[in-house]
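Undergrad: Pasting a structure here, questions to come.
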Amino acid sequence: MKIAMRIVAPALIGVVVGALCLAAIAQETAGAIPADAEYAGSKLCGMCHKDQKTAFAETPHAKHVAPADATEPWKHSTGWDKAAGSAAEPGIQCEACHGRGKPHAGAKTEEKKALIVNPMSLDTPEKIDSICAQCHAYYTPKEGDAPVAFTPGENLLEKVNLLPPEAGKPMQQVNEFVTSEHFTEKHMTCIQCHTSHTEGVGEHNLRKQPPDLCVQCHHEQADLAAHTKGAAKEGDTCVSCHMPGGVHTFAKLAAQ
């Protein structure tokens, strides 16, 4: 019991301190988008955020082109206007994740952070994951037109009904993720593993590639041969068993 408490207590303290720090940062830098704000366009964003824009231009998001048979145009564009039947920009650009940026672009330096959304600084995992859920989830609105009217910084997950995951269905990562212990118990977010515009970003927009990414938290499983009792084959990583087919439920065994 004493050994268990020595392990649990520091972990619990870490969770509490981390949550308090996240809340403090969020209060300072999360930002908010005025209801009547207009889109600035990614070219204007790039005038100040040159490095981020350059790195982002090489990512799948920036290069995304809507398929010809797309039935949900807001998932394939930035600033979809349902009434006009058009978007502020094609593809997934800066303001899809950071919100309408014209007030931010025109503000004084000391006011800029308060007029844009930094997803890393939002105060709940649900608000952070909502940004990804715009496109990486299937849902029905609880009322109104929530998916189209969504603004980064809001909690989309409380405005829609996430549909149950279906085997083999693409673009349902959030539907799967919210059923996992990573989300329900650890309160993790998509952007702890993924990033949209870090220079040199790896496959699937991962911050690091497995197993390096996973063992940042799962230290005891760093020795894959010992963890699998010698069953791991050459080329296997954590993903081979815990994310078969890229499924984001993080099963304890591939068969589960």
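Naming works like this for the structure tokens: A, B, ... for the chains as they're shown, residue 1 at the start of each chain, ligands 1 onward in shown order.
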Taking the chain letters and numbering used in this document, name the residues of segment 184-214 of chain A that DSSP puts in helix (DSSP H, G or I), as a list in words.
TA: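 DSSP-assigned helix (DSSP H, G or I) residues in segment 184-214 of chain A: Thr184, Cys190, Ile191, Gln192, Glu203, His204, Asn205 and Cys214 of chain A.
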Undergrad: Restricting the calculation to only C-alpha atoms, which member of A:Ala107, A:Ala83, A:Ala32, A:Ile128 is positioned closest to Val148 of chain A?
TA: A:Ala83
Undergrad: Between A:His248, A:Lys169, A:His218, A:His104, which is the closest to Pro34 of chain A once you count only C-alpha atoms?
TA: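 Ranked by minimum distance to Pro34 of chain A, first place goes to A:His104.
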